[in-house]
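S.K.: Before anything else, here's the structure in question.
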Amino acid sequence: MTARPAPQCPVTVRTFTQRLSSTPRGARLARHLAVAQLHAWGIPHGAPPSDAVAAIVAELAANAVTHGRVPGRDFELRLSLVTGSVRVEVTDTRGESRPPAPDAVRAPDPLDERGRGLVLVDVLADRWEVLDHPGPGKTVRAEVDVPGWRSLAGPATGA
């Protein structure tokens with residue numbers, strides 16, 4: 001009988017954090033910054049993980065600006081290159097307005113004008129969840145698996 005290896009917690013290799021204004025411009029900037037940061041980490045523009053992260057950041061940032069906005073408070077984008085994936089976290093300061101849990105997301109009716117954002121996140125992310133944030137607010141965390149991630153974990157070059 002062979003012993004199974006103990007499960008290990010993901011190891012964070014690189015991180016990027018930026019606070020952005022809770023405006024449509026801040027949401028657009030979040031997507032641009034995410035794609036640029038992934039490129040700096042060795043995940044090129046147009047690669048499937050980059051495209052997935054870009055769409056996820058766009059949806060989560062738009063939700064933070066639209067549904068999680070508190071006047072005068074920013075939202076936060078955090079990207080982490082962890083063992084085998086890119087983790088996206090978007091934190092806003094409105095804790096009472098929570099999105100549905102991943103298992104409760106339903107596709108909207110075809111004529112609905114809203115409700116597609118989390119469906120996209122659910123399809124594009126390999127895992128996602130909604131977390132309470134210390135103090136007021138919540139964090140939506142999504143992960144996209146990155147094949148060949150070990151080659152990205154080389155020595156840090158300032159990014």
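By order of appearance in the structure tokens: chains A, B, ..., then residues from 1 within every chain, and ligands from 1 in the order shown.
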For region 90-99 of chain A, please output as a list in words all residues within 6 Å (counting only C-alpha atoms; exclusion window: fewer than 6 positions along the same chain).
M.R.: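 Contacts, in chain order: Ala64, Gly68, Phe75, Glu76, Leu77, Pro136, Gly137, Lys138, Thr139 and Val140 of chain A.
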S.K.: Suppose we keep all heavy atoms; can you now write the selection as an mmCIF file, in the first residue's frame?
M.R.:
```
data_model
loop_
_atom_site.group_PDB
_atom_site.id
_atom_site.type_symbol
_atom_site.label_atom_id
_atom_site.label_comp_id
_atom_site.auth_asym_id
_atom_site.auth_seq_id
_atom_site.Cartn_x
_atom_site.Cartn_y
_atom_site.Cartn_z
ATOM 1 N N ALA A 64 -18.483 45.240 -8.827
ATOM 2 C CA ALA A 64 -18.057 46.026 -7.669
ATOM 3 C C ALA A 64 -18.475 47.483 -7.827
ATOM 4 O O ALA A 64 -18.917 48.117 -6.864
ATOM 5 C CB ALA A 64 -16.538 45.924 -7.487
ATOM 6 N N GLY A 68 -21.555 47.071 -5.634
ATOM 7 C CA GLY A 68 -20.811 47.134 -4.377
ATOM 8 C C GLY A 68 -20.278 48.509 -4.048
ATOM 9 O O GLY A 68 -19.518 48.677 -3.102
ATOM 10 N N PHE A 75 -12.591 50.203 -4.794
ATOM 11 C CA PHE A 75 -12.579 48.748 -4.758
ATOM 12 C C PHE A 75 -11.137 48.309 -4.984
ATOM 13 O O PHE A 75 -10.298 49.089 -5.417
ATOM 14 C CB PHE A 75 -13.545 48.127 -5.775
ATOM 15 C CG PHE A 75 -13.120 48.204 -7.211
ATOM 16 C CD1 PHE A 75 -12.440 47.157 -7.819
ATOM 17 C CD2 PHE A 75 -13.417 49.317 -7.984
ATOM 18 C CE1 PHE A 75 -12.057 47.219 -9.145
ATOM 19 C CE2 PHE A 75 -13.047 49.393 -9.320
ATOM 20 C CZ PHE A 75 -12.362 48.341 -9.899
ATOM 21 N N GLU A 76 -10.840 47.064 -4.659
ATOM 22 C CA GLU A 76 -9.478 46.566 -4.759
ATOM 23 C C GLU A 76 -9.415 45.373 -5.698
ATOM 24 O O GLU A 76 -10.243 44.465 -5.617
ATOM 25 C CB GLU A 76 -8.957 46.158 -3.388
ATOM 26 C CG GLU A 76 -7.510 45.671 -3.406
ATOM 27 C CD GLU A 76 -7.015 45.328 -2.022
ATOM 28 O OE1 GLU A 76 -6.545 46.242 -1.318
ATOM 29 O OE2 GLU A 76 -7.132 44.144 -1.643
ATOM 30 N N LEU A 77 -8.408 45.388 -6.552
ATOM 31 C CA LEU A 77 -8.092 44.254 -7.418
ATOM 32 C C LEU A 77 -6.819 43.631 -6.893
ATOM 33 O O LEU A 77 -5.840 44.324 -6.636
ATOM 34 C CB LEU A 77 -7.869 44.727 -8.863
ATOM 35 C CG LEU A 77 -7.271 43.695 -9.827
ATOM 36 C CD1 LEU A 77 -8.237 42.534 -10.050
ATOM 37 C CD2 LEU A 77 -6.893 44.361 -11.143
ATOM 38 N N PRO A 136 -16.049 46.306 6.658
ATOM 39 C CA PRO A 136 -17.181 46.275 5.728
ATOM 40 C C PRO A 136 -16.738 45.744 4.369
ATOM 41 O O PRO A 136 -15.646 46.036 3.904
ATOM 42 C CB PRO A 136 -17.590 47.747 5.619
ATOM 43 C CG PRO A 136 -16.344 48.508 5.919
ATOM 44 C CD PRO A 136 -15.592 47.661 6.919
ATOM 45 N N GLY A 137 -17.585 44.937 3.773
ATOM 46 C CA GLY A 137 -17.317 44.512 2.412
ATOM 47 C C GLY A 137 -17.275 43.022 2.199
ATOM 48 O O GLY A 137 -17.523 42.228 3.100
ATOM 49 N N LYS A 138 -16.948 42.661 0.958
ATOM 50 C CA LYS A 138 -16.860 41.268 0.540
ATOM 51 C C LYS A 138 -15.803 41.156 -0.541
ATOM 52 O O LYS A 138 -15.440 42.132 -1.180
ATOM 53 C CB LYS A 138 -18.201 40.785 0.015
ATOM 54 C CG LYS A 138 -18.608 41.509 -1.261
ATOM 55 C CD LYS A 138 -20.001 41.182 -1.660
ATOM 56 C CE LYS A 138 -20.531 42.109 -2.726
ATOM 57 N NZ LYS A 138 -20.606 43.503 -2.348
ATOM 58 N N THR A 139 -15.341 39.948 -0.727
ATOM 59 C CA THR A 139 -14.374 39.647 -1.780
ATOM 60 C C THR A 139 -14.930 38.522 -2.629
ATOM 61 O O THR A 139 -15.409 37.522 -2.092
ATOM 62 C CB THR A 139 -13.020 39.216 -1.178
ATOM 63 O OG1 THR A 139 -12.499 40.293 -0.392
ATOM 64 C CG2 THR A 139 -12.026 38.841 -2.258
ATOM 65 N N VAL A 140 -14.874 38.696 -3.938
ATOM 66 C CA VAL A 140 -15.185 37.606 -4.850
ATOM 67 C C VAL A 140 -13.848 37.122 -5.389
ATOM 68 O O VAL A 140 -13.065 37.898 -5.926
ATOM 69 C CB VAL A 140 -16.122 38.041 -5.994
ATOM 70 C CG1 VAL A 140 -16.431 36.859 -6.900
ATOM 71 C CG2 VAL A 140 -17.414 38.625 -5.434
#
```
S.K.: Looking only at the backbone, which of the residues in region 60-134 of chain A does DSSP tag as strand (DSSP E or B), as a PDB file with N, CA and C atoms, in the first residue's frame?
M.R.:
```
ATOM      1  N   PHE A  75     -12.591  50.203  -4.794  1.00  0.00           N
ATOM      2  CA  PHE A  75     -12.579  48.748  -4.758  1.00  0.00           C
ATOM      3  C   PHE A  75     -11.137  48.309  -4.984  1.00  0.00           C
ATOM      4  N   GLU A  76     -10.840  47.064  -4.659  1.00  0.00           N
ATOM      5  CA  GLU A  76      -9.478  46.566  -4.759  1.00  0.00           C
ATOM      6  C   GLU A  76      -9.415  45.373  -5.698  1.00  0.00           C
ATOM      7  N   LEU A  77      -8.408  45.388  -6.552  1.00  0.00           N
ATOM      8  CA  LEU A  77      -8.092  44.254  -7.418  1.00  0.00           C
ATOM      9  C   LEU A  77      -6.819  43.631  -6.893  1.00  0.00           C
ATOM     10  N   ARG A  78      -6.834  42.328  -6.720  1.00  0.00           N
ATOM     11  CA  ARG A  78      -5.636  41.598  -6.293  1.00  0.00           C
ATOM     12  C   ARG A  78      -5.488  40.389  -7.205  1.00  0.00           C
ATOM     13  N   LEU A  79      -4.312  40.254  -7.797  1.00  0.00           N
ATOM     14  CA  LEU A  79      -3.971  39.101  -8.611  1.00  0.00           C
ATOM     15  C   LEU A  79      -2.851  38.359  -7.911  1.00  0.00           C
ATOM     16  N   SER A  80      -2.932  37.051  -7.902  1.00  0.00           N
ATOM     17  CA  SER A  80      -1.874  36.233  -7.315  1.00  0.00           C
ATOM     18  C   SER A  80      -1.586  35.075  -8.251  1.00  0.00           C
ATOM     19  N   LEU A  81      -0.307  34.855  -8.473  1.00  0.00           N
ATOM     20  CA  LEU A  81       0.119  33.657  -9.188  1.00  0.00           C
ATOM     21  C   LEU A  81       0.401  32.638  -8.101  1.00  0.00           C
ATOM     22  N   VAL A  82      -0.494  31.656  -7.988  1.00  0.00           N
ATOM     23  CA  VAL A  82      -0.380  30.629  -6.944  1.00  0.00           C
ATOM     24  C   VAL A  82      -0.093  29.293  -7.616  1.00  0.00           C
ATOM     25  N   SER A  85      -2.242  28.208 -10.761  1.00  0.00           N
ATOM     26  CA  SER A  85      -3.318  29.059 -11.256  1.00  0.00           C
ATOM     27  C   SER A  85      -3.058  30.537 -10.988  1.00  0.00           C
ATOM     28  N   VAL A  86      -3.896  31.351 -11.608  1.00  0.00           N
ATOM     29  CA  VAL A  86      -3.959  32.777 -11.303  1.00  0.00           C
ATOM     30  C   VAL A  86      -5.210  32.985 -10.470  1.00  0.00           C
ATOM     31  N   ARG A  87      -5.035  33.630  -9.330  1.00  0.00           N
ATOM     32  CA  ARG A  87      -6.164  33.950  -8.452  1.00  0.00           C
ATOM     33  C   ARG A  87      -6.515  35.421  -8.629  1.00  0.00           C
ATOM     34  N   VAL A  88      -7.785  35.681  -8.871  1.00  0.00           N
ATOM     35  CA  VAL A  88      -8.315  37.031  -9.010  1.00  0.00           C
ATOM     36  C   VAL A  88      -9.189  37.298  -7.795  1.00  0.00           C
ATOM     37  N   GLU A  89      -8.953  38.423  -7.125  1.00  0.00           N
ATOM     38  CA  GLU A  89      -9.809  38.820  -6.010  1.00  0.00           C
ATOM     39  C   GLU A  89     -10.229  40.270  -6.218  1.00  0.00           C
ATOM     40  N   VAL A  90     -11.529  40.505  -6.177  1.00  0.00           N
ATOM     41  CA  VAL A  90     -12.066  41.859  -6.253  1.00  0.00           C
ATOM     42  C   VAL A  90     -12.848  42.086  -4.973  1.00  0.00           C
ATOM     43  N   THR A  91     -12.440  43.139  -4.245  1.00  0.00           N
ATOM     44  CA  THR A  91     -13.046  43.452  -2.951  1.00  0.00           C
ATOM     45  C   THR A  91     -13.721  44.803  -3.036  1.00  0.00           C
ATOM     46  N   ASP A  92     -14.976  44.856  -2.590  1.00  0.00           N
ATOM     47  CA  ASP A  92     -15.659  46.143  -2.476  1.00  0.00           C
ATOM     48  C   ASP A  92     -16.080  46.344  -1.026  1.00  0.00           C
ATOM     49  N   ARG A 127     -12.533  27.728 -10.400  1.00  0.00           N
ATOM     50  CA  ARG A 127     -13.119  27.772  -9.064  1.00  0.00           C
ATOM     51  C   ARG A 127     -13.433  29.223  -8.735  1.00  0.00           C
ATOM     52  N   TRP A 128     -14.505  29.461  -7.971  1.00  0.00           N
ATOM     53  CA  TRP A 128     -14.749  30.804  -7.472  1.00  0.00           C
ATOM     54  C   TRP A 128     -15.619  30.733  -6.236  1.00  0.00           C
ATOM     55  N   GLU A 129     -15.568  31.814  -5.443  1.00  0.00           N
ATOM     56  CA  GLU A 129     -16.336  31.866  -4.206  1.00  0.00           C
ATOM     57  C   GLU A 129     -16.508  33.314  -3.774  1.00  0.00           C
ATOM     58  N   VAL A 130     -17.423  33.524  -2.844  1.00  0.00           N
ATOM     59  CA  VAL A 130     -17.655  34.841  -2.248  1.00  0.00           C
ATOM     60  C   VAL A 130     -17.233  34.748  -0.793  1.00  0.00           C
ATOM     61  N   LEU A 131     -16.375  35.676  -0.369  1.00  0.00           N
ATOM     62  CA  LEU A 131     -15.828  35.665   0.986  1.00  0.00           C
ATOM     63  C   LEU A 131     -16.183  36.939   1.721  1.00  0.00           C
ATOM     64  N   ASP A 132     -16.379  36.827   3.034  1.00  0.00           N
ATOM     65  CA  ASP A 132     -16.521  38.021   3.859  1.00  0.00           C
ATOM     66  C   ASP A 132     -15.176  38.710   3.931  1.00  0.00           C
TER      67      ASP A 132
END
```
S.K.: Considering only C-alpha atoms, return as a ChimeraX atom specification whatever protein or nucleic-acid residues lie within 12 Å of Ala61 (chain A), sequence-local ones (same chain, fewer than 3 positions apart) excluded.
M.R.: /A:18-34,53-58,64-69,74-78,88-92,117-118,121,139-141
S.K.: I need the residues from that last selection saved to file as a short mmCIF file (atom, residue, chain, number, x, y, z; two decimals), in the first residue's frame (with N, CA and C atoms), if you can.
M.R.:
```cif
data_model
loop_
_atom_site.label_atom_id
_atom_site.label_comp_id
_atom_site.auth_asym_id
_atom_site.auth_seq_id
_atom_site.Cartn_x
_atom_site.Cartn_y
_atom_site.Cartn_z
N GLN A 18 -4.04 46.55 -6.43
CA GLN A 18 -4.27 47.95 -6.80
C GLN A 18 -5.67 48.36 -6.34
N ARG A 19 -5.75 49.50 -5.69
CA ARG A 19 -7.05 50.10 -5.35
C ARG A 19 -7.45 50.98 -6.51
N LEU A 20 -8.73 50.93 -6.88
CA LEU A 20 -9.23 51.67 -8.03
C LEU A 20 -10.52 52.39 -7.65
N SER A 21 -10.79 53.51 -8.30
CA SER A 21 -12.02 54.25 -8.02
C SER A 21 -13.23 53.43 -8.44
N SER A 22 -14.28 53.54 -7.66
CA SER A 22 -15.51 52.79 -7.94
C SER A 22 -16.31 53.49 -9.03
N THR A 23 -15.73 53.53 -10.21
CA THR A 23 -16.33 54.17 -11.38
C THR A 23 -16.17 53.24 -12.58
N PRO A 24 -16.94 53.47 -13.64
CA PRO A 24 -16.73 52.67 -14.85
C PRO A 24 -15.28 52.75 -15.36
N ARG A 25 -14.66 53.92 -15.23
CA ARG A 25 -13.27 54.06 -15.65
C ARG A 25 -12.36 53.16 -14.81
N GLY A 26 -12.61 53.08 -13.50
CA GLY A 26 -11.84 52.21 -12.62
C GLY A 26 -12.00 50.75 -13.00
N ALA A 27 -13.22 50.36 -13.38
CA ALA A 27 -13.47 48.97 -13.79
C ALA A 27 -12.72 48.64 -15.08
N ARG A 28 -12.73 49.56 -16.05
CA ARG A 28 -11.98 49.34 -17.30
C ARG A 28 -10.49 49.25 -17.03
N LEU A 29 -9.99 50.13 -16.17
CA LEU A 29 -8.57 50.14 -15.84
C LEU A 29 -8.17 48.82 -15.16
N ALA A 30 -9.04 48.26 -14.33
CA ALA A 30 -8.74 46.99 -13.66
C ALA A 30 -8.46 45.90 -14.68
N ARG A 31 -9.26 45.83 -15.72
CA ARG A 31 -9.04 44.81 -16.76
C ARG A 31 -7.72 45.03 -17.48
N HIS A 32 -7.45 46.27 -17.85
CA HIS A 32 -6.19 46.58 -18.54
C HIS A 32 -4.98 46.26 -17.67
N LEU A 33 -5.04 46.62 -16.39
CA LEU A 33 -3.94 46.33 -15.47
C LEU A 33 -3.74 44.83 -15.30
N ALA A 34 -4.84 44.08 -15.23
CA ALA A 34 -4.73 42.63 -15.05
C ALA A 34 -4.03 41.99 -16.24
N VAL A 53 -8.92 35.48 -17.51
CA VAL A 53 -8.73 36.42 -16.40
C VAL A 53 -9.25 37.80 -16.77
N ALA A 54 -8.98 38.25 -18.00
CA ALA A 54 -9.46 39.56 -18.44
C ALA A 54 -10.98 39.66 -18.34
N ALA A 55 -11.67 38.64 -18.81
CA ALA A 55 -13.14 38.65 -18.76
C ALA A 55 -13.65 38.57 -17.32
N ILE A 56 -13.00 37.77 -16.50
CA ILE A 56 -13.41 37.65 -15.09
C ILE A 56 -13.21 38.96 -14.36
N VAL A 57 -12.04 39.59 -14.55
CA VAL A 57 -11.78 40.88 -13.91
C VAL A 57 -12.80 41.91 -14.38
N ALA A 58 -13.08 41.93 -15.67
CA ALA A 58 -14.05 42.90 -16.20
C ALA A 58 -15.41 42.72 -15.53
N ALA A 64 -18.48 45.24 -8.83
CA ALA A 64 -18.06 46.03 -7.67
C ALA A 64 -18.48 47.48 -7.83
N VAL A 65 -18.37 48.01 -9.04
CA VAL A 65 -18.71 49.40 -9.31
C VAL A 65 -20.23 49.59 -9.31
N THR A 66 -20.95 48.62 -9.85
CA THR A 66 -22.40 48.75 -10.00
C THR A 66 -23.16 48.37 -8.72
N HIS A 67 -22.80 47.26 -8.11
CA HIS A 67 -23.57 46.73 -6.98
C HIS A 67 -22.87 46.89 -5.64
N GLY A 68 -21.55 47.07 -5.63
CA GLY A 68 -20.81 47.13 -4.38
C GLY A 68 -20.28 48.51 -4.05
N ARG A 69 -20.68 49.50 -4.81
CA ARG A 69 -20.14 50.86 -4.64
C ARG A 69 -20.69 51.52 -3.39
N ASP A 74 -13.08 53.08 -2.60
CA ASP A 74 -12.55 52.39 -3.77
C ASP A 74 -12.87 50.90 -3.70
N PHE A 75 -12.59 50.20 -4.79
CA PHE A 75 -12.58 48.75 -4.76
C PHE A 75 -11.14 48.31 -4.98
N GLU A 76 -10.84 47.06 -4.66
CA GLU A 76 -9.48 46.57 -4.76
C GLU A 76 -9.42 45.37 -5.70
N LEU A 77 -8.41 45.39 -6.55
CA LEU A 77 -8.09 44.25 -7.42
C LEU A 77 -6.82 43.63 -6.89
N ARG A 78 -6.83 42.33 -6.72
CA ARG A 78 -5.64 41.60 -6.29
C ARG A 78 -5.49 40.39 -7.20
N VAL A 88 -7.79 35.68 -8.87
CA VAL A 88 -8.32 37.03 -9.01
C VAL A 88 -9.19 37.30 -7.79
N GLU A 89 -8.95 38.42 -7.13
CA GLU A 89 -9.81 38.82 -6.01
C GLU A 89 -10.23 40.27 -6.22
N VAL A 90 -11.53 40.50 -6.18
CA VAL A 90 -12.07 41.86 -6.25
C VAL A 90 -12.85 42.09 -4.97
N THR A 91 -12.44 43.14 -4.25
CA THR A 91 -13.05 43.45 -2.95
C THR A 91 -13.72 44.80 -3.04
N ASP A 92 -14.98 44.86 -2.59
CA ASP A 92 -15.66 46.14 -2.48
C ASP A 92 -16.08 46.34 -1.03
N GLY A 117 -23.16 38.40 -15.96
CA GLY A 117 -21.79 38.53 -15.49
C GLY A 117 -21.29 37.34 -14.69
N LEU A 118 -22.03 36.94 -13.67
CA LEU A 118 -21.59 35.81 -12.86
C LEU A 118 -21.72 34.48 -13.60
N VAL A 121 -18.41 34.34 -15.23
CA VAL A 121 -17.39 33.99 -14.24
C VAL A 121 -17.48 32.50 -13.93
N THR A 139 -15.34 39.95 -0.73
CA THR A 139 -14.37 39.65 -1.78
C THR A 139 -14.93 38.52 -2.63
N VAL A 140 -14.87 38.70 -3.94
CA VAL A 140 -15.19 37.61 -4.85
C VAL A 140 -13.85 37.12 -5.39
N ARG A 141 -13.58 35.85 -5.17
CA ARG A 141 -12.31 35.23 -5.57
C ARG A 141 -12.59 34.19 -6.65
#
```
S.K.: Quick one: pull the distance between CA of Asp126 (chain A) and CA of Asp145 (chain A), Å, one decimal.
M.R.: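 So the two atoms, CA of Asp126 (chain A) and CA of Asp145 (chain A), lie 6.5 Å apart.
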S.K.: Write down as a short mmCIF file (atom, residue, chain, number, x, y, z; two decimals) with N, CA, C and O atoms, in the first residue's frame the residues of region 43-74 of chain A whose backbone DSSP state falls under alpha helix (DSSP H).
M.R.:
```
data_model
loop_
_atom_site.label_atom_id
_atom_site.label_comp_id
_atom_site.auth_asym_id
_atom_site.auth_seq_id
_atom_site.Cartn_x
_atom_site.Cartn_y
_atom_site.Cartn_z
N PRO A 48 -5.19 31.60 -23.57
CA PRO A 48 -6.47 31.30 -22.92
C PRO A 48 -6.56 31.75 -21.45
O PRO A 48 -7.57 32.35 -21.06
N PRO A 49 -5.52 31.53 -20.61
CA PRO A 49 -5.65 32.02 -19.23
C PRO A 49 -5.75 33.55 -19.15
O PRO A 49 -6.50 34.08 -18.33
N SER A 50 -5.03 34.26 -20.01
CA SER A 50 -5.08 35.72 -20.01
C SER A 50 -6.47 36.21 -20.42
O SER A 50 -7.02 37.12 -19.79
N ASP A 51 -7.03 35.61 -21.46
CA ASP A 51 -8.37 36.01 -21.90
C ASP A 51 -9.42 35.72 -20.83
O ASP A 51 -10.31 36.53 -20.59
N ALA A 52 -9.30 34.56 -20.18
CA ALA A 52 -10.26 34.22 -19.12
C ALA A 52 -10.15 35.19 -17.95
O ALA A 52 -11.16 35.69 -17.45
N VAL A 53 -8.92 35.48 -17.51
CA VAL A 53 -8.73 36.42 -16.40
C VAL A 53 -9.25 37.80 -16.77
O VAL A 53 -9.90 38.46 -15.96
N ALA A 54 -8.98 38.25 -18.00
CA ALA A 54 -9.46 39.56 -18.44
C ALA A 54 -10.98 39.66 -18.34
O ALA A 54 -11.52 40.65 -17.83
N ALA A 55 -11.67 38.64 -18.81
CA ALA A 55 -13.14 38.65 -18.76
C ALA A 55 -13.65 38.57 -17.32
O ALA A 55 -14.60 39.27 -16.95
N ILE A 56 -13.00 37.77 -16.50
CA ILE A 56 -13.41 37.65 -15.09
C ILE A 56 -13.21 38.96 -14.36
O ILE A 56 -14.10 39.44 -13.64
N VAL A 57 -12.04 39.59 -14.55
CA VAL A 57 -11.78 40.88 -13.91
C VAL A 57 -12.80 41.91 -14.38
O VAL A 57 -13.33 42.69 -13.58
N ALA A 58 -13.08 41.93 -15.67
CA ALA A 58 -14.05 42.90 -16.20
C ALA A 58 -15.41 42.72 -15.53
O ALA A 58 -16.04 43.71 -15.12
N GLU A 59 -15.87 41.49 -15.40
CA GLU A 59 -17.18 41.25 -14.79
C GLU A 59 -17.19 41.57 -13.30
O GLU A 59 -18.11 42.22 -12.80
N LEU A 60 -16.17 41.11 -12.58
CA LEU A 60 -16.14 41.36 -11.13
C LEU A 60 -15.95 42.83 -10.82
O LEU A 60 -16.56 43.36 -9.87
N ALA A 61 -15.12 43.53 -11.59
CA ALA A 61 -14.93 44.96 -11.36
C ALA A 61 -16.22 45.73 -11.70
O ALA A 61 -16.60 46.65 -10.96
N ALA A 62 -16.89 45.35 -12.78
CA ALA A 62 -18.16 46.00 -13.12
C ALA A 62 -19.19 45.77 -12.02
O ALA A 62 -19.93 46.69 -11.66
N ASN A 63 -19.22 44.56 -11.46
CA ASN A 63 -20.15 44.29 -10.35
C ASN A 63 -19.78 45.11 -9.12
O ASN A 63 -20.66 45.63 -8.42
N ALA A 64 -18.48 45.24 -8.83
CA ALA A 64 -18.06 46.03 -7.67
C ALA A 64 -18.48 47.48 -7.83
O ALA A 64 -18.92 48.12 -6.86
N VAL A 65 -18.37 48.01 -9.04
CA VAL A 65 -18.71 49.40 -9.31
C VAL A 65 -20.23 49.59 -9.31
O VAL A 65 -20.74 50.59 -8.82
N THR A 66 -20.95 48.62 -9.85
CA THR A 66 -22.40 48.75 -10.00
C THR A 66 -23.16 48.37 -8.72
O THR A 66 -24.05 49.09 -8.29
#
```
S.K.: One decimal, in Å: what's the spacing between CA of Gly84 (chain A) and CA of Pro147 (chain A)?
M.R.: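 CA of Gly84 (chain A) sits 7.0 Å away from CA of Pro147 (chain A).
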S.K.: One decimal, Å: what's the distance from CA of Ala40 (chain A) over to CA of Leu124 (chain A), could you say?
M.R.: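 Computing the Euclidean distance for CA of Ala40 (chain A) and CA of Leu124 (chain A) yields 21.6 Å.
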